[in-house]
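**Student:** Quick one, input14.pdb (PDB, C-alpha atoms):
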```pdb
ATOM      1  CA  MET A  20      15.184  35.094   1.893
ATOM      2  CA  THR A  21      14.395  34.460   5.539
ATOM      3  CA  THR A  22      11.371  32.229   5.823
ATOM      4  CA  ILE A  23       9.239  31.123   8.720
ATOM      5  CA  TYR A  24       6.120  28.999   8.701
ATOM      6  CA  VAL A  25       3.203  29.567  11.011
ATOM      7  CA  PHE A  26       0.364  27.070  11.414
ATOM      8  CA  ASP A  27      -2.682  28.711   9.835
ATOM      9  CA  VAL A  28      -5.202  28.311  12.646
ATOM     10  CA  ASP A  29      -7.228  30.767  14.710
ATOM     11  CA  GLU A  30      -4.796  30.951  17.596
ATOM     12  CA  PHE A  31      -1.746  31.841  15.480
ATOM     13  CA  ARG A  32      -3.410  34.077  12.870
ATOM     14  CA  PRO A  33      -2.704  37.283  14.854
ATOM     15  CA  VAL A  34       1.008  36.409  14.710
ATOM     16  CA  ILE A  35       0.812  36.152  10.925
ATOM     17  CA  GLU A  36      -1.039  39.455  10.761
ATOM     18  CA  ALA A  37       1.565  41.171  12.966
ATOM     19  CA  ALA A  38       4.458  39.967  10.799
ATOM     20  CA  GLY A  39       4.039  42.826   8.325
ATOM     21  CA  GLN A  40       4.243  45.576  10.925
ATOM     22  CA  ARG A  41       8.013  45.893  11.279
ATOM     23  CA  GLN A  42       9.192  44.878   7.818
ATOM     24  CA  THR A  43       7.875  44.117   4.379
ATOM     25  CA  VAL A  44       6.985  40.460   4.163
ATOM     26  CA  SER A  45       5.535  38.183   1.545
ATOM     27  CA  VAL A  46       2.850  35.858   2.756
ATOM     28  CA  ARG A  47       1.439  32.801   1.025
ATOM     29  CA  LYS A  48      -0.432  29.704   1.996
ATOM     30  CA  VAL A  49       1.503  26.405   1.942
ATOM     31  CA  GLY A  50      -0.494  23.351   2.970
ATOM     32  CA  PRO A  51      -2.003  24.094   6.391
ATOM     33  CA  TYR A  52       0.661  26.775   7.028
ATOM     34  CA  VAL A  53       1.350  30.359   6.088
ATOM     35  CA  GLU A  54       4.806  31.064   4.723
ATOM     36  CA  VAL A  55       6.198  34.423   5.803
ATOM     37  CA  THR A  56       9.328  35.593   3.951
ATOM     38  CA  ALA A  57      11.451  38.714   4.083
ATOM     39  CA  ASP A  58      14.701  39.802   2.457
ATOM     40  CA  GLY A  59      16.309  40.487   5.825
ATOM     41  CA  PRO A  60      15.408  39.599   9.390
ATOM     42  CA  ILE A  61      11.826  38.896  10.397
ATOM     43  CA  GLU A  62      10.760  40.589  13.626
ATOM     44  CA  ILE A  63       7.361  40.111  15.223
ATOM     45  CA  GLY A  64       6.418  41.790  18.490
ATOM     46  CA  ARG A  65       4.387  39.779  20.938
ATOM     47  CA  ARG A  66       2.381  42.765  22.139
ATOM     48  CA  GLU A  67       1.736  43.826  18.552
ATOM     49  CA  SER A  68       0.354  40.380  17.834
ATOM     50  CA  GLY A  69      -1.822  40.481  20.933
ATOM     51  CA  VAL A  70      -1.514  36.738  21.520
ATOM     52  CA  ARG A  71      -1.325  35.389  25.034
ATOM     53  CA  HIS A  72       1.885  33.947  26.434
ATOM     54  CA  ALA A  73       0.713  30.330  26.314
ATOM     55  CA  VAL A  74       0.222  30.646  22.561
ATOM     56  CA  TRP A  75       3.085  32.971  21.625
ATOM     57  CA  TYR A  76       5.904  30.567  22.403
ATOM     58  CA  SER A  77       4.597  27.863  20.096
ATOM     59  CA  ALA A  78       3.834  30.111  17.134
ATOM     60  CA  VAL A  79       6.765  28.980  14.961
ATOM     61  CA  ALA A  80       6.185  25.814  12.942
ATOM     62  CA  GLY A  81       9.327  25.903  10.806
ATOM     63  CA  VAL A  82      12.289  28.006   9.765
ATOM     64  CA  VAL A  83      14.101  27.982   6.412
ATOM     65  CA  ALA A  84      17.270  29.955   5.609
ATOM     66  CA  GLY A  85      17.073  31.590   8.972
ATOM     67  CA  ARG A  86      18.043  31.310  12.592
ATOM     68  CA  VAL A  87      15.909  32.210  15.586
ATOM     69  CA  GLU A  88      18.013  34.836  17.332
ATOM     70  CA  GLN A  89      15.440  35.938  19.903
ATOM     71  CA  PHE A  90      12.168  34.390  20.998
ATOM     72  CA  ASP A  91      11.048  35.774  24.326
ATOM     73  CA  LYS A  92       8.164  37.724  25.789
ATOM     74  CA  GLU A  93       9.166  40.796  23.780
ATOM     75  CA  GLN A  94       9.635  39.535  20.273
ATOM     76  CA  LEU A  95      10.492  36.830  17.802
ATOM     77  CA  ARG A  96      13.506  37.730  15.705
ATOM     78  CA  VAL A  97      14.691  35.431  12.927
ATOM     79  CA  VAL A  98      17.857  36.433  11.102
ATOM     80  CA  PRO A  99      19.111  35.227   7.712
ATOM     81  CA  ALA A 100      21.357  32.188   7.905
TER
ATOM     82  CA  MET B  23       4.186  -1.335  10.094
ATOM     83  CA  ILE B  24       0.521  -0.894  10.985
ATOM     84  CA  ALA B  25      -1.194   1.984   9.208
ATOM     85  CA  PRO B  26      -2.068   4.765  11.678
ATOM     86  CA  GLY B  27      -5.767   4.552  12.416
ATOM     87  CA  ASN B  28      -5.908   0.802  11.922
ATOM     88  CA  HIS B  29      -6.938   0.041  15.512
ATOM     89  CA  TRP B  30      -9.991  -0.645  17.625
ATOM     90  CA  VAL B  31      -9.265   1.114  20.903
ATOM     91  CA  ARG B  32     -12.146   3.326  22.077
ATOM     92  CA  GLY B  33     -10.350   5.483  24.597
ATOM     93  CA  VAL B  34      -9.188   5.015  28.169
ATOM     94  CA  ASP B  35     -10.699   2.131  30.152
ATOM     95  CA  HIS B  36      -8.960   3.252  33.329
ATOM     96  CA  THR B  37      -5.786   4.830  34.472
ATOM     97  CA  ALA B  38      -4.495   3.899  37.916
ATOM     98  CA  PHE B  39      -2.414   5.546  40.619
ATOM     99  CA  VAL B  40      -1.331   4.656  44.137
ATOM    100  CA  THR B  41      -2.881   6.492  47.065
ATOM    101  CA  PHE B  42      -1.758   6.758  50.672
ATOM    102  CA  GLU B  43      -4.690   9.106  51.342
ATOM    103  CA  PRO B  44      -7.764   7.064  50.395
ATOM    104  CA  ALA B  45     -10.214   9.066  52.541
ATOM    105  CA  GLU B  46      -9.118  12.403  51.127
ATOM    106  CA  THR B  47      -8.987  10.888  47.644
ATOM    107  CA  VAL B  48     -12.650   9.862  47.937
ATOM    108  CA  ARG B  49     -13.529  13.304  49.283
ATOM    109  CA  PHE B  50     -11.687  15.013  46.422
ATOM    110  CA  TYR B  51     -13.005  12.979  43.512
ATOM    111  CA  ARG B  52     -16.464  11.976  44.765
ATOM    112  CA  ASP B  53     -17.540  14.657  47.213
ATOM    113  CA  ILE B  54     -15.896  17.740  45.687
ATOM    114  CA  LEU B  55     -15.828  16.911  41.984
ATOM    115  CA  GLY B  56     -18.884  14.642  41.934
ATOM    116  CA  PHE B  57     -17.403  11.552  40.277
ATOM    117  CA  PRO B  58     -19.381   8.450  41.335
ATOM    118  CA  LEU B  59     -17.616   5.331  42.482
ATOM    119  CA  SER B  60     -17.959   2.730  39.732
ATOM    120  CA  GLN B  61     -16.047  -0.385  40.831
ATOM    121  CA  SER B  62     -13.943  -1.777  43.620
ATOM    122  CA  VAL B  63     -11.686  -4.763  44.072
ATOM    123  CA  CYS B  64     -10.776  -5.801  47.620
ATOM    124  CA  ALA B  65      -8.111  -8.464  47.432
ATOM    125  CA  THR B  66      -5.868 -10.322  49.732
ATOM    126  CA  GLY B  67      -2.255  -9.912  48.785
ATOM    127  CA  TRP B  68      -0.936 -12.279  46.170
ATOM    128  CA  GLY B  69       2.627 -12.574  44.991
ATOM    129  CA  PRO B  70       4.615  -9.686  46.441
ATOM    130  CA  ALA B  71       1.573  -7.413  46.861
ATOM    131  CA  PRO B  72       0.060  -6.622  50.280
ATOM    132  CA  ASP B  73      -3.709  -6.683  50.783
ATOM    133  CA  PHE B  74      -5.252  -3.895  48.801
ATOM    134  CA  VAL B  75      -8.363  -2.012  47.780
ATOM    135  CA  HIS B  76      -8.517  -0.983  44.145
ATOM    136  CA  PHE B  77     -11.277   1.560  43.621
ATOM    137  CA  PHE B  78     -12.572   3.304  40.560
ATOM    138  CA  PHE B  79     -14.362   6.578  39.816
ATOM    139  CA  ASP B  80     -16.584   7.128  36.809
ATOM    140  CA  ILE B  81     -15.068  10.104  34.964
ATOM    141  CA  GLY B  82     -17.593  10.093  32.139
ATOM    142  CA  ASN B  83     -17.757   8.547  28.700
ATOM    143  CA  GLY B  84     -17.257   5.090  30.213
ATOM    144  CA  ASP B  85     -13.741   5.999  31.348
ATOM    145  CA  GLN B  86     -12.537   5.427  34.895
ATOM    146  CA  LEU B  87      -9.928   6.846  37.235
ATOM    147  CA  ALA B  88      -8.598   4.217  39.645
ATOM    148  CA  PHE B  89      -6.475   4.086  42.762
ATOM    149  CA  PHE B  90      -4.718   1.345  44.692
ATOM    150  CA  TYR B  91      -4.630   1.555  48.461
ATOM    151  CA  TYR B  92      -2.162  -0.977  49.905
ATOM    152  CA  PHE B  93      -2.764  -1.846  53.563
ATOM    153  CA  GLY B  94       0.295  -1.398  55.704
ATOM    154  CA  HIS B  95       2.529  -0.111  52.940
ATOM    155  CA  GLU B  96       5.017   2.493  54.001
ATOM    156  CA  ARG B  97       4.262   5.926  52.596
ATOM    157  CA  TYR B  98       6.478   6.628  49.624
ATOM    158  CA  GLU B  99       7.226   9.769  47.722
ATOM    159  CA  ASP B 100       9.813  10.216  45.011
ATOM    160  CA  ALA B 101      11.701  13.111  46.557
ATOM    161  CA  GLU B 102      14.331  13.026  43.829
ATOM    162  CA  ILE B 103      12.091  13.793  40.894
ATOM    163  CA  PRO B 104      12.724  17.292  39.510
ATOM    164  CA  ASP B 105       9.713  19.624  39.770
ATOM    165  CA  LEU B 106       9.571  19.994  35.990
ATOM    166  CA  LEU B 107       9.224  16.273  35.458
ATOM    167  CA  LYS B 108       6.837  15.824  38.369
ATOM    168  CA  SER B 109       4.458  18.500  37.114
ATOM    169  CA  ALA B 110       4.681  17.286  33.528
ATOM    170  CA  ARG B 111       3.159  13.969  34.568
ATOM    171  CA  HIS B 112      -0.494  14.860  34.815
ATOM    172  CA  LEU B 113      -4.036  13.759  34.162
ATOM    173  CA  ALA B 114      -6.325  16.036  32.134
ATOM    174  CA  LEU B 115     -10.063  15.500  32.047
ATOM    175  CA  ASN B 116     -12.259  17.024  29.398
ATOM    176  CA  VAL B 117     -15.408  19.128  29.798
ATOM    177  CA  GLU B 118     -17.453  20.594  27.007
ATOM    178  CA  THR B 119     -18.225  24.170  27.967
ATOM    179  CA  LEU B 120     -16.922  27.254  29.744
ATOM    180  CA  ASP B 121     -19.781  26.957  32.237
ATOM    181  CA  HIS B 122     -18.669  23.443  33.131
ATOM    182  CA  LEU B 123     -15.063  24.548  33.605
ATOM    183  CA  ASP B 124     -16.195  27.454  35.781
ATOM    184  CA  GLU B 125     -18.336  25.102  37.847
ATOM    185  CA  TYR B 126     -15.401  22.759  38.504
ATOM    186  CA  GLU B 127     -13.248  25.730  39.489
ATOM    187  CA  ARG B 128     -15.981  26.742  41.930
ATOM    188  CA  ARG B 129     -16.335  23.217  43.360
ATOM    189  CA  LEU B 130     -12.572  22.862  43.811
ATOM    190  CA  THR B 131     -12.266  26.263  45.446
ATOM    191  CA  GLU B 132     -15.158  25.606  47.821
ATOM    192  CA  GLY B 133     -13.679  22.220  48.669
ATOM    193  CA  GLY B 134     -10.364  23.763  49.663
ATOM    194  CA  TYR B 135      -8.513  22.952  46.456
ATOM    195  CA  ALA B 136      -8.494  26.294  44.661
ATOM    196  CA  PRO B 137      -6.794  25.799  41.292
ATOM    197  CA  TYR B 138      -3.249  27.159  41.332
ATOM    198  CA  MET B 139      -3.424  28.087  37.673
ATOM    199  CA  ARG B 140      -5.907  28.787  34.895
ATOM    200  CA  VAL B 141      -4.472  29.019  31.367
ATOM    201  CA  MET B 142      -5.785  29.607  27.853
ATOM    202  CA  HIS B 143      -3.545  27.333  25.807
ATOM    203  CA  GLU B 144      -3.476  27.041  22.021
ATOM    204  CA  THR B 145      -6.613  24.961  21.669
ATOM    205  CA  ILE B 146      -7.811  24.404  25.236
ATOM    206  CA  GLU B 147      -8.463  26.335  28.430
ATOM    207  CA  SER B 148      -7.387  24.553  31.609
ATOM    208  CA  ILE B 149      -7.504  24.731  35.367
ATOM    209  CA  TYR B 150      -4.842  22.952  37.409
ATOM    210  CA  VAL B 151      -4.863  21.594  40.920
ATOM    211  CA  THR B 152      -2.755  19.149  42.909
ATOM    212  CA  ASP B 153      -4.853  16.222  44.085
ATOM    213  CA  PRO B 154      -4.503  14.690  47.590
ATOM    214  CA  ASN B 155      -1.894  12.287  46.223
ATOM    215  CA  GLY B 156       0.339  14.960  44.734
ATOM    216  CA  LEU B 157      -0.924  14.191  41.244
ATOM    217  CA  ASN B 158      -1.060  17.161  38.906
ATOM    218  CA  PHE B 159      -4.702  17.213  37.873
ATOM    219  CA  GLU B 160      -6.143  19.309  35.034
ATOM    220  CA  ILE B 161      -9.647  19.956  33.792
ATOM    221  CA  THR B 162      -9.855  21.425  30.328
ATOM    222  CA  ARG B 163     -12.338  22.610  27.734
ATOM    223  CA  PRO B 164     -11.791  22.926  23.989
ATOM    224  CA  LEU B 165     -11.366  26.417  22.514
ATOM    225  CA  ARG B 166     -11.885  25.112  18.999
ATOM    226  CA  ASP B 167     -12.513  21.848  17.205
ATOM    227  CA  SER B 168      -9.584  19.591  16.373
ATOM    228  CA  THR B 169      -9.095  19.364  12.601
ATOM    229  CA  ASP B 170      -7.320  17.355   9.909
ATOM    230  CA  ALA B 171      -4.800  20.220   9.788
ATOM    231  CA  ASP B 172      -3.930  19.574  13.440
ATOM    232  CA  ARG B 173      -3.349  15.921  12.594
ATOM    233  CA  ASP B 174      -1.174  16.890   9.619
ATOM    234  CA  ASP B 175       0.820  19.354  11.728
ATOM    235  CA  ALA B 176       1.419  16.733  14.414
ATOM    236  CA  THR B 177       2.609  14.306  11.756
ATOM    237  CA  LEU B 178       5.104  16.821  10.353
ATOM    238  CA  THR B 179       6.309  17.653  13.871
ATOM    239  CA  ILE B 180       7.023  14.046  14.716
ATOM    240  CA  ASP B 181       8.585  13.312  11.311
ATOM    241  CA  ALA B 182      10.904  16.277  11.905
ATOM    242  CA  LEU B 183      11.648  15.225  15.478
ATOM    243  CA  LEU B 184      12.549  11.688  14.410
ATOM    244  CA  GLU B 185      14.818  13.113  11.698
ATOM    245  CA  VAL B 186      16.558  15.360  14.217
ATOM    246  CA  LEU B 187      16.967  12.586  16.775
ATOM    247  CA  GLU B 188      18.572  10.376  14.153
ATOM    248  CA  ALA B 189      20.886  13.035  12.737
ATOM    249  CA  ASP B 190      21.875  15.083  15.725
ATOM    250  CA  ASP B 191      23.797  14.202  18.874
ATOM    251  CA  GLU B 192      22.362  17.258  20.570
ATOM    252  CA  PRO B 193      18.757  17.560  19.400
ATOM    253  CA  SER B 194      17.324  21.060  19.676
ATOM    254  CA  LEU B 195      14.188  22.986  18.913
ATOM    255  CA  ALA B 196      16.183  25.015  16.371
ATOM    256  CA  ALA B 197      17.065  21.807  14.532
ATOM    257  CA  LEU B 198      13.437  20.723  14.659
ATOM    258  CA  TRP B 199      12.252  24.068  13.227
ATOM    259  CA  ALA B 200      14.732  23.619  10.357
ATOM    260  CA  ALA B 201      13.710  20.018   9.677
ATOM    261  CA  LYS B 202      10.016  20.841   9.848
ATOM    262  CA  GLY B 203      10.559  23.958   7.737
ATOM    263  CA  ARG B 204      12.120  21.853   4.966
ATOM    264  CA  ARG B 205       9.155  19.516   5.034
ATOM    265  CA  ILE B 206       6.644  22.356   4.938
ATOM    266  CA  ALA B 207       8.518  24.057   2.083
ATOM    267  CA  ALA B 208       8.108  20.883   0.049
ATOM    268  CA  LEU B 209       4.315  21.044   0.379
ATOM    269  CA  THR B 210       2.089  22.774  -2.096
ATOM    270  CA  GLU B 211      -1.021  24.725  -1.243
ATOM    271  CA  THR B 212      -3.286  21.750  -1.732
ATOM    272  CA  ASP B 213      -1.003  19.065  -0.314
ATOM    273  CA  GLU B 214      -2.261  16.671   2.246
ATOM    274  CA  VAL B 215       0.186  15.208   4.710
ATOM    275  CA  ALA B 216       0.401  11.439   4.766
ATOM    276  CA  SER B 217      -0.201  10.513   8.369
TER
END
```
Hey, can you dump this file as structure tokens for me?
**Tutor:**
Amino acid sequence: MTTIYVFDVDEFRPVIEAAGQRQTVSVRKVGPYVEVTADGPIEIGRRESGVRHAVWYSAVAGVVAGRVEQFDKEQLRVVPA
Amino acid sequence: MIAPGNHWVRGVDHTAFVTFEPAETVRFYRDILGFPLSQSVCATGWGPAPDFVHFFFDIGNGDQLAFFYYFGHERYEDAEIPDLLKSARHLALNVETLDHLDEYERRLTEGGYAPYMRVMHETIESIYVTDPNGLNFEITRPLRDSTDADRDDATLTIDALLEVLEADDEPSLAALWAAKGRRIAALTETDEVAS
């Protein structure tokens, strides 16, 4: 299970909401974070999330059983590791 | 080890920089931005120091921004410092509202110091300008209140960073994400982070 954590605050909530658009994800609250898990890779599009650049690049709080393969202006892609 | 929070400091008394442009510095901070002068020290040189004027601006909340002007000192600029590191070293002052930020942008622009950048960051919106001394100067307003969750997140970040620095010869953000991820995974929904 690929897992990322996103800080559950106003500025990052659109990223959490966009996580379900490209794959099926499970989402649950863990402390002040939201845990996003998927069986395979997790892809989140920046434009789909609608967040501004200055926020997008700091949207990942933690990664478990995964590796950030791409994190640029187009998308965040975390693959199983 | 002292418990975090066990201290009595009330903020910044003053922060001080060197100026070779005292007239323009006074124009920038007093006449354009509106910061009153609050103190000055005019001293004959003692020890290795030349004669100097140390002057302070009131930047609100009892805090002060200070400069040293050294008479007769040769102008100096660190030409070697990489741009990244030079711009990272900056002073950010806080205003409360969007109207206040807009007003400072207007004052700076009218004074000939149009901000070179305006950015909505995670929790603040900022304007940036280079002051007459080459100092990267920011004025910022909060976009939301700071919370206990922010404090907890910062604590986990630094715990993870310290772990990575200890374990890894080549520290990386990827290693930090992994270390912080392990720490978050160990939390439960109601956990508080010991800071």
**Student:** Give as a ChimeraX atom specification each residue that has an atom at most 10 Å from (0.9, 35.3, 29.7) in the file, counting all atoms listed in the file.
**Tutor:** /A:70-75,92 /B:141-143
**Student:** Taking a cut-off of 6 Å and counting all atoms listed in the file, can you build a table that, for each residue of chain A near chain B, reports the nearest atom pair and how far apart they are in Å (one decimal), sorted by chain then residue number, as a Markdown table?
**Tutor:**
```
| residue | atom | partner | partner_atom | distance |
| --- | --- | --- | --- | --- |
| A:Lys48 | CA | B:Glu211 | CA | 6.0 |
| A:Val49 | CA | B:Glu211 | CA | 4.4 |
| A:Gly50 | CA | B:Glu211 | CA | 4.5 |
| A:Pro51 | CA | B:Ala171 | CA | 5.9 |
| A:Ala73 | CA | B:His143 | CA | 5.2 |
| A:Val74 | CA | B:Glu144 | CA | 5.2 |
| A:Gly81 | CA | B:Gly203 | CA | 3.8 |
| A:Val82 | CA | B:Gly203 | CA | 4.8 |
| A:Val83 | CA | B:Gly203 | CA | 5.5 |
```
**Student:** Could you write out that same residue set with C-alpha atoms as a short mmCIF file (atom, residue, chain, number, x, y, z; two decimals), in the coordinates of the input?
**Tutor:**
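See out-v4.cif below for the written result:
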```cif
data_model
loop_
_atom_site.label_atom_id
_atom_site.label_comp_id
_atom_site.auth_asym_id
_atom_site.auth_seq_id
_atom_site.Cartn_x
_atom_site.Cartn_y
_atom_site.Cartn_z
CA LYS A 48 -0.43 29.70 2.00
CA VAL A 49 1.50 26.40 1.94
CA GLY A 50 -0.49 23.35 2.97
CA PRO A 51 -2.00 24.09 6.39
CA ALA A 73 0.71 30.33 26.31
CA VAL A 74 0.22 30.65 22.56
CA GLY A 81 9.33 25.90 10.81
CA VAL A 82 12.29 28.01 9.76
CA VAL A 83 14.10 27.98 6.41
#
```
**Student:** Written as a PyMOL selection string, what is the full residue list that the PyMOL selection byres ((chain A and resi 55) around 6) yields on the file shown?
**Tutor:** chain A and resi 22-23+45-46+54+56
**Student:** Please report the interatomic distance between atom CA of Val97 of chain A and atom CA of Ile146 of chain B in Å with one decimal.
**Tutor:** 27.9 Å
**Student:** Of the residues B:His112, B:Gly84, B:Val48, B:Ile24, which is the one nearest to Gly156 of chain B, using only C-alpha atoms?
**Tutor:**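 Closest residue, counting only C-alpha atoms: B:His112.
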**Student:** Quick one: residues within 7 Å of Val34 of chain B, all atoms listed in the file counted, chain neighbours fewer than 2 positions away excluded, as a count of residues only?
**Tutor:** 3
**Student:** Calculate how many Å separate atom CA of Gln89 of chain A from atom CA of Tyr52 of chain A, rounding to one decimal.
**Tutor:**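 Distance between the two atoms: 21.6 Å.
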**Student:** Smallest atom-to-atom distance to Asp53 of chain B: which of B:Glu118, B:Gly94, B:Asp100, B:Gly133, using only C-alpha atoms?
**Tutor:** B:Gly133
**Student:** Have a look at atom CA of Ile149 of chain B and atom CA of Asp124 of chain B and let me know their distance in Å, one decimal.
**Tutor:**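 Here the two named atoms are 9.1 Å from each other.
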**Student:** For Phe89 of chain B, which residue out of B:Glu102, B:Glu127, B:Glu43, B:Asp35 is the nearest one, using all atoms listed in the file?
**Tutor:**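 For Phe89 of chain B, the nearest of the candidates is B:Glu43.
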**Student:** Expand the PyMOL selection byres ((chain A and resi 25) around 6) into the explicit residue set it covers here, and present it as a PDB file with C-alpha atoms, in the frame of the given file.
**Tutor:**
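What ended up in result.pdb:
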```pdb
ATOM      1  CA  TYR A  24       6.120  28.999   8.701  1.00  0.00           C
ATOM      2  CA  PHE A  26       0.364  27.070  11.414  1.00  0.00           C
ATOM      3  CA  TYR A  52       0.661  26.775   7.028  1.00  0.00           C
ATOM      4  CA  VAL A  53       1.350  30.359   6.088  1.00  0.00           C
ATOM      5  CA  VAL A  79       6.765  28.980  14.961  1.00  0.00           C
ATOM      6  CA  ALA A  80       6.185  25.814  12.942  1.00  0.00           C
TER       7      ALA A  80
END
```
**Student:** Give me the residues within 8 Å of Arg129 of chain B as a list in words, counting only C-alpha atoms and dropping any in the same chain fewer than 4 places off.
**Tutor:** Ile54, Leu55, Glu125 and Gly133 of chain B
**Student:** Could you put an axis-aligned box around every listed atom of segment 58-64 of chain A, padded by 8 Å on each side, and send me its centre and edge lengths in Å to one decimal, as AutoDock Vina command-line options?
**Tutor:**
```
--center_x 11.4 --center_y 40.3 --center_z 10.5 --size_x 25.9 --size_y 18.9 --size_z 32.0
```
**Student:** Once the PyMOL selection byres ((chain B and resi 120) around 10) has been evaluated on this model, what residues remain selected, and can you format them as a list in words?
**Tutor:** Val117, Glu118, Thr119, Asp121, His122, Leu123, Asp124, Glu125, Tyr126, Glu147, Thr162, Arg163, Pro164 and Leu165 of chain B
**Student:** Those same residues - C-alpha atoms - I'd like them written as a PDB file, keeping the file's coordinate frame.
**Tutor:**
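Wrote it out as result-v8.pdb, contents follow:
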```pdb
ATOM      1  CA  VAL B 117     -15.408  19.128  29.798  1.00  0.00           C
ATOM      2  CA  GLU B 118     -17.453  20.594  27.007  1.00  0.00           C
ATOM      3  CA  THR B 119     -18.225  24.170  27.967  1.00  0.00           C
ATOM      4  CA  ASP B 121     -19.781  26.957  32.237  1.00  0.00           C
ATOM      5  CA  HIS B 122     -18.669  23.443  33.131  1.00  0.00           C
ATOM      6  CA  LEU B 123     -15.063  24.548  33.605  1.00  0.00           C
ATOM      7  CA  ASP B 124     -16.195  27.454  35.781  1.00  0.00           C
ATOM      8  CA  GLU B 125     -18.336  25.102  37.847  1.00  0.00           C
ATOM      9  CA  TYR B 126     -15.401  22.759  38.504  1.00  0.00           C
ATOM     10  CA  GLU B 147      -8.463  26.335  28.430  1.00  0.00           C
ATOM     11  CA  THR B 162      -9.855  21.425  30.328  1.00  0.00           C
ATOM     12  CA  ARG B 163     -12.338  22.610  27.734  1.00  0.00           C
ATOM     13  CA  PRO B 164     -11.791  22.926  23.989  1.00  0.00           C
ATOM     14  CA  LEU B 165     -11.366  26.417  22.514  1.00  0.00           C
TER      15      LEU B 165
END
```
**Student:** Neighbouring residues of Gly59 of chain A were defined as those with any atom within 10 Å, considering all atoms listed in the file; residues of the same chain fewer than 3 positions away were excluded. Please report them as a list in words.
**Tutor:**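 With the cut-off at 10 Å, the set is Met20, Thr21, Thr22, Gln42, Thr43, Val44, Thr56, Glu62, Gly85, Val97, Val98, Pro99 and Ala100 of chain A.
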**Student:** Take the residues that were just selected and, keeping C-alpha atoms, output them as an mmCIF file, in the frame of the given file.
**Tutor:**
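The resulting file, result_29.cif, is reproduced below:
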```
data_model
loop_
_atom_site.group_PDB
_atom_site.id
_atom_site.type_symbol
_atom_site.label_atom_id
_atom_site.label_comp_id
_atom_site.auth_asym_id
_atom_site.auth_seq_id
_atom_site.Cartn_x
_atom_site.Cartn_y
_atom_site.Cartn_z
ATOM 1 C CA MET A 20 15.184 35.094 1.893
ATOM 2 C CA THR A 21 14.395 34.460 5.539
ATOM 3 C CA THR A 22 11.371 32.229 5.823
ATOM 4 C CA GLN A 42 9.192 44.878 7.818
ATOM 5 C CA THR A 43 7.875 44.117 4.379
ATOM 6 C CA VAL A 44 6.985 40.460 4.163
ATOM 7 C CA THR A 56 9.328 35.593 3.951
ATOM 8 C CA GLU A 62 10.760 40.589 13.626
ATOM 9 C CA GLY A 85 17.073 31.590 8.972
ATOM 10 C CA VAL A 97 14.691 35.431 12.927
ATOM 11 C CA VAL A 98 17.857 36.433 11.102
ATOM 12 C CA PRO A 99 19.111 35.227 7.712
ATOM 13 C CA ALA A 100 21.357 32.188 7.905
#
```
**Student:** Within 9 Å of Val151 of chain B, counting all atoms listed in the file, which residues show up once you throw out same-chain ones fewer than 4 positions away? Write them as a list in words, please.
**Tutor:** Leu130, Tyr135, Ala136, Pro137, Tyr138, Met139, Leu157, Asn158, Phe159, Glu160 and Ile161 of chain B
